[in-house]
Amino acid sequence: MTAAWRSRVWLSGLAALLAVAVHGAAQAQADEARARKIVGGVCFVCHGMDGNSASEVFPRLAGQHAEYTARQLHHFKSGQRKSTAMADMVAKLTPDEMLALGRYFEKQPVTPEPVKDPDLAAVGRYLYLHGNKFSGVPACASCHGPQALGTVQLPRLAGQHATYLDNQLRQFHQRERTNDNAVMHAIVVKMTPLEMAAVAEYLGSQ
């Protein structure tokens with residue numbers, strides 16, 4: 001193979017890579033525009049345009065892992081996670097749109113809330129990092145990470161509304177949360193209402 005031939009092959013490969021990159025960037029822009037349109041038409045009412053919901057009843061979606069958000073939307077649509085309101089919101093969404101929404105919200109900056117009860121948050125910090133060896137509650141950090149950033153499979157908890165987190169823990173405790181229940185129920189069933197509130201208060205400020 002001559003040097004000129006190798007050069008042509010290299011340039012052809014480079015051109016192909018550039019074409020793929022340009023196509024990928026264009027697709028990403030199109031997906032973001034589509035997601036922004038959906039958010040502006042529906043999601044913003046409860047979750048805000050940037051995913052930082054003003055009401056503690058609704059979760060913050062900003063900074064959440066795209067795959068996790070998309071999976072929750074799919075569960076709402078399939079009925080695996082029960083919510084009359086969300087079932088209506090996601091009824092017409094396609095899997096591609098769910099992932100586009102997840103990617104849109106993942107890029108939004110998170111706005112943690114100030115601690116309302118420092119003493120309660122201190123208890124929550126200990127429980128989150130170390131658990132409660134006396135009652136068998138494992139450290140939350142063992143799954144969600146020391147900074148509560150989660151993974152693509154497990155949700156980011158840092159910066160989430162304390163009230164929303166407390167409500168979700170209580171739903172897991174009562175088996176009212178209808179997805180991700182098996183693992184979480186086994187943990188939360190050992191927690192007291194005080195411990196749930198403390199962990200939620202700590203995480204809301206992270």
# chains A, B, ... in the order shown; residues from 1 in each chain; ligands from 1
>>> closest_atom_pairs(of="stretch 78-159 of chain A", to="stretch 167-187 of chain A", cutoff="8 Å", atoms="only C-alpha atoms", output="Markdown table")
| residue | atom | partner | partner_atom | distance |
| --- | --- | --- | --- | --- |
| A:Gln80 | CA | A:Asn179 | CA | 6.0 |
| A:Arg81 | CA | A:Thr178 | CA | 4.9 |
| A:Lys82 | CA | A:Thr178 | CA | 6.1 |
| A:Val137 | CA | A:Ile187 | CA | 6.1 |
| A:Pro138 | CA | A:Ile187 | CA | 7.1 |
>>> select_by_dssp(residues="stretch 3-194 of chain A", states="alpha helix (DSSP H)", output="PyMOL selection string")
chain A and resi 3-38+44-47+66-78+84-90+95-106+118-130+141-144+162-173+181-188+193-194
>>> write_last_selection(atoms="C-alpha atoms", output="CSV table (one decimal), in the first residue's frame")
chain,number,residue,atom,x,y,z
A,3,ALA,CA,1.7,6.4,1.1
A,4,ALA,CA,-0.8,8.2,-1.1
A,5,TRP,CA,-3.2,5.3,-0.8
A,6,ARG,CA,-2.9,5.2,3.0
A,7,SER,CA,-3.5,9.0,3.0
A,8,ARG,CA,-6.7,8.6,0.9
A,9,VAL,CA,-8.0,5.8,3.2
A,10,TRP,CA,-7.2,7.9,6.3
A,11,LEU,CA,-8.9,11.0,4.8
A,12,SER,CA,-12.0,8.9,3.8
A,13,GLY,CA,-12.2,7.5,7.3
A,14,LEU,CA,-11.9,10.9,8.9
A,15,ALA,CA,-14.6,12.3,6.6
A,16,ALA,CA,-16.9,9.4,7.6
A,17,LEU,CA,-16.3,10.1,11.3
A,18,LEU,CA,-17.0,13.8,10.8
A,19,ALA,CA,-20.2,13.0,9.0
A,20,VAL,CA,-21.3,10.8,11.8
A,21,ALA,CA,-20.4,13.5,14.4
A,22,VAL,CA,-22.3,16.2,12.5
A,23,HIS,CA,-25.3,13.9,12.1
A,24,GLY,CA,-25.2,13.1,15.8
A,25,ALA,CA,-25.0,16.8,16.8
A,26,ALA,CA,-27.9,17.7,14.5
A,27,GLN,CA,-29.9,14.8,16.0
A,28,ALA,CA,-29.1,16.0,19.5
A,29,GLN,CA,-30.2,19.5,18.6
A,30,ALA,CA,-33.4,18.2,17.1
A,31,ASP,CA,-34.1,16.0,20.2
A,32,GLU,CA,-33.5,18.9,22.5
A,33,ALA,CA,-35.8,21.2,20.5
A,34,ARG,CA,-38.5,18.5,20.6
A,35,ALA,CA,-38.1,18.0,24.3
A,36,ARG,CA,-38.2,21.7,25.0
A,37,LYS,CA,-41.5,21.9,23.0
A,38,ILE,CA,-43.0,19.1,25.1
A,44,PHE,CA,-43.5,23.0,32.9
A,45,VAL,CA,-46.8,23.4,34.7
A,46,CYS,CA,-45.7,21.1,37.5
A,47,HIS,CA,-41.9,20.7,37.0
A,66,ALA,CA,-31.7,10.7,31.6
A,67,GLU,CA,-32.2,6.9,31.5
A,68,TYR,CA,-33.8,6.9,34.9
A,69,THR,CA,-36.3,9.7,33.9
A,70,ALA,CA,-37.1,7.9,30.7
A,71,ARG,CA,-37.7,4.6,32.5
A,72,GLN,CA,-40.0,6.3,35.0
A,73,LEU,CA,-42.0,7.9,32.1
A,74,HIS,CA,-42.3,4.4,30.5
A,75,HIS,CA,-43.5,2.9,33.8
A,76,PHE,CA,-46.1,5.7,34.1
A,77,LYS,CA,-47.3,4.9,30.6
A,78,SER,CA,-47.4,1.2,31.1
A,84,THR,CA,-53.5,9.2,37.2
A,85,ALA,CA,-52.1,12.6,36.4
A,86,MET,CA,-48.8,11.2,34.9
A,87,ALA,CA,-50.6,8.5,33.0
A,88,ASP,CA,-52.5,11.2,31.0
A,89,MET,CA,-49.3,13.3,30.5
A,90,VAL,CA,-47.3,10.4,29.0
A,95,PRO,CA,-39.8,6.0,23.8
A,96,ASP,CA,-37.5,8.4,21.8
A,97,GLU,CA,-39.4,11.4,23.3
A,98,MET,CA,-39.1,10.0,26.8
A,99,LEU,CA,-35.3,9.7,26.4
A,100,ALA,CA,-35.1,13.2,24.8
A,101,LEU,CA,-36.9,14.6,27.8
A,102,GLY,CA,-34.6,12.7,30.1
A,103,ARG,CA,-31.6,14.2,28.4
A,104,TYR,CA,-33.0,17.7,28.4
A,105,PHE,CA,-33.7,17.6,32.1
A,106,GLU,CA,-30.3,16.0,32.9
A,118,PRO,CA,-30.1,21.7,60.7
A,119,ASP,CA,-30.5,19.2,63.6
A,120,LEU,CA,-32.8,17.0,61.6
A,121,ALA,CA,-30.5,17.2,58.6
A,122,ALA,CA,-27.5,16.2,60.7
A,123,VAL,CA,-29.4,13.0,61.8
A,124,GLY,CA,-30.3,12.4,58.1
A,125,ARG,CA,-26.6,12.8,57.1
A,126,TYR,CA,-25.5,10.1,59.5
A,127,LEU,CA,-28.3,7.8,58.4
A,128,TYR,CA,-27.6,8.4,54.7
A,129,LEU,CA,-23.9,7.7,55.1
A,130,HIS,CA,-23.9,5.1,57.8
A,141,ALA,CA,-24.9,5.8,50.2
A,142,SER,CA,-24.2,2.2,49.5
A,143,CYS,CA,-26.6,2.3,46.5
A,144,HIS,CA,-27.0,6.0,45.7
A,162,ALA,CA,-37.3,17.1,51.0
A,163,THR,CA,-41.1,16.9,51.1
A,164,TYR,CA,-41.2,14.9,47.9
A,165,LEU,CA,-38.5,12.5,49.1
A,166,ASP,CA,-40.3,12.0,52.5
A,167,ASN,CA,-43.6,11.3,50.7
A,168,GLN,CA,-41.8,8.7,48.4
A,169,LEU,CA,-40.2,7.0,51.4
A,170,ARG,CA,-43.6,6.8,53.1
A,171,GLN,CA,-45.2,5.4,49.9
A,172,PHE,CA,-42.5,2.7,49.7
A,173,HIS,CA,-43.1,1.9,53.4
A,181,ASN,CA,-40.9,-1.4,45.4
A,182,ALA,CA,-39.3,-4.8,46.3
A,183,VAL,CA,-35.8,-3.4,47.2
A,184,MET,CA,-36.9,-0.1,48.7
A,185,HIS,CA,-39.7,-1.6,50.8
A,186,ALA,CA,-37.2,-4.0,52.4
A,187,ILE,CA,-35.1,-1.0,53.5
A,188,VAL,CA,-37.8,1.6,54.4
A,193,PRO,CA,-41.1,8.4,60.3
A,194,LEU,CA,-38.3,10.5,62.0
>>> atom_distance(atom1="atom CA of A:Gly159", atom2="atom CA of A:Val189")
23.8 Å
>>> decode(residues="stretch 54-85 of chain A", atoms="N, CA and C atoms", output="mmCIF file, in the first residue's frame")
data_model
loop_
_atom_site.group_PDB
_atom_site.id
_atom_site.type_symbol
_atom_site.label_atom_id
_atom_site.label_comp_id
_atom_site.auth_asym_id
_atom_site.auth_seq_id
_atom_site.Cartn_x
_atom_site.Cartn_y
_atom_site.Cartn_z
ATOM 1 N N ALA A 54 -41.334 24.393 41.469
ATOM 2 C CA ALA A 54 -41.521 25.347 42.562
ATOM 3 C C ALA A 54 -42.248 24.713 43.739
ATOM 4 N N SER A 55 -43.061 23.719 43.474
ATOM 5 C CA SER A 55 -43.825 23.053 44.527
ATOM 6 C C SER A 55 -43.104 21.798 45.000
ATOM 7 N N GLU A 56 -43.040 21.585 46.309
ATOM 8 C CA GLU A 56 -42.388 20.406 46.862
ATOM 9 C C GLU A 56 -43.200 19.134 46.638
ATOM 10 N N VAL A 57 -44.420 19.284 46.148
ATOM 11 C CA VAL A 57 -45.243 18.110 45.843
ATOM 12 C C VAL A 57 -44.698 17.378 44.626
ATOM 13 N N PHE A 58 -44.106 18.148 43.702
ATOM 14 C CA PHE A 58 -43.619 17.584 42.443
ATOM 15 C C PHE A 58 -42.100 17.464 42.466
ATOM 16 N N PRO A 59 -41.546 16.374 41.938
ATOM 17 C CA PRO A 59 -40.101 16.187 42.007
ATOM 18 C C PRO A 59 -39.330 17.129 41.106
ATOM 19 N N ARG A 60 -38.131 17.448 41.549
ATOM 20 C CA ARG A 60 -37.197 18.133 40.670
ATOM 21 C C ARG A 60 -36.658 17.110 39.678
ATOM 22 N N LEU A 61 -36.686 17.462 38.403
ATOM 23 C CA LEU A 61 -36.148 16.593 37.356
ATOM 24 C C LEU A 61 -34.777 17.072 36.883
ATOM 25 N N ALA A 62 -34.420 18.299 37.229
ATOM 26 C CA ALA A 62 -33.120 18.844 36.831
ATOM 27 C C ALA A 62 -31.998 17.982 37.392
ATOM 28 N N GLY A 63 -31.045 17.633 36.528
ATOM 29 C CA GLY A 63 -29.882 16.873 36.965
ATOM 30 C C GLY A 63 -30.114 15.387 37.109
ATOM 31 N N GLN A 64 -31.372 14.957 36.949
ATOM 32 C CA GLN A 64 -31.666 13.526 37.090
ATOM 33 C C GLN A 64 -31.118 12.759 35.886
ATOM 34 N N HIS A 65 -30.683 11.538 36.114
ATOM 35 C CA HIS A 65 -30.146 10.725 35.020
ATOM 36 C C HIS A 65 -31.203 10.534 33.928
ATOM 37 N N ALA A 66 -30.790 10.753 32.678
ATOM 38 C CA ALA A 66 -31.722 10.690 31.553
ATOM 39 C C ALA A 66 -32.385 9.326 31.460
ATOM 40 N N GLU A 67 -31.602 8.273 31.632
ATOM 41 C CA GLU A 67 -32.151 6.922 31.513
ATOM 42 C C GLU A 67 -33.166 6.634 32.619
ATOM 43 N N TYR A 68 -32.878 7.136 33.810
ATOM 44 C CA TYR A 68 -33.808 6.915 34.927
ATOM 45 C C TYR A 68 -35.131 7.647 34.673
ATOM 46 N N THR A 69 -35.043 8.901 34.236
ATOM 47 C CA THR A 69 -36.256 9.661 33.939
ATOM 48 C C THR A 69 -37.065 8.984 32.844
ATOM 49 N N ALA A 70 -36.388 8.561 31.782
ATOM 50 C CA ALA A 70 -37.079 7.894 30.674
ATOM 51 C C ALA A 70 -37.765 6.615 31.159
ATOM 52 N N ARG A 71 -37.092 5.869 32.036
ATOM 53 C CA ARG A 71 -37.685 4.623 32.532
ATOM 54 C C ARG A 71 -38.925 4.890 33.389
ATOM 55 N N GLN A 72 -38.870 5.939 34.192
ATOM 56 C CA GLN A 72 -40.040 6.277 35.008
ATOM 57 C C GLN A 72 -41.223 6.702 34.121
ATOM 58 N N LEU A 73 -40.934 7.459 33.067
ATOM 59 C CA LEU A 73 -41.998 7.857 32.140
ATOM 60 C C LEU A 73 -42.615 6.627 31.487
ATOM 61 N N HIS A 74 -41.770 5.682 31.105
ATOM 62 C CA HIS A 74 -42.271 4.432 30.517
ATOM 63 C C HIS A 74 -43.138 3.677 31.519
ATOM 64 N N HIS A 75 -42.715 3.635 32.772
ATOM 65 C CA HIS A 75 -43.491 2.947 33.807
ATOM 66 C C HIS A 75 -44.835 3.627 34.047
ATOM 67 N N PHE A 76 -44.848 4.946 33.985
ATOM 68 C CA PHE A 76 -46.125 5.661 34.117
ATOM 69 C C PHE A 76 -47.058 5.290 32.961
ATOM 70 N N LYS A 77 -46.479 5.222 31.759
ATOM 71 C CA LYS A 77 -47.303 4.921 30.585
ATOM 72 C C LYS A 77 -47.823 3.490 30.626
ATOM 73 N N SER A 78 -46.982 2.560 31.058
ATOM 74 C CA SER A 78 -47.385 1.151 31.085
ATOM 75 C C SER A 78 -48.277 0.822 32.279
ATOM 76 N N GLY A 79 -48.305 1.721 33.270
ATOM 77 C CA GLY A 79 -49.084 1.456 34.469
ATOM 78 C C GLY A 79 -48.295 0.762 35.555
ATOM 79 N N GLN A 80 -47.027 0.461 35.275
ATOM 80 C CA GLN A 80 -46.195 -0.178 36.284
ATOM 81 C C GLN A 80 -46.008 0.736 37.490
ATOM 82 N N ARG A 81 -45.948 2.048 37.234
ATOM 83 C CA ARG A 81 -45.966 3.034 38.320
ATOM 84 C C ARG A 81 -47.281 3.795 38.217
ATOM 85 N N LYS A 82 -48.047 3.765 39.279
ATOM 86 C CA LYS A 82 -49.399 4.313 39.242
ATOM 87 C C LYS A 82 -49.420 5.814 39.505
ATOM 88 N N SER A 83 -50.058 6.541 38.624
ATOM 89 C CA SER A 83 -50.321 7.968 38.810
ATOM 90 C C SER A 83 -51.322 8.397 37.747
ATOM 91 N N THR A 84 -52.508 8.747 38.170
ATOM 92 C CA THR A 84 -53.542 9.153 37.219
ATOM 93 C C THR A 84 -53.097 10.368 36.413
ATOM 94 N N ALA A 85 -52.495 11.331 37.111
ATOM 95 C CA ALA A 85 -52.058 12.552 36.435
ATOM 96 C C ALA A 85 -50.958 12.264 35.423
#
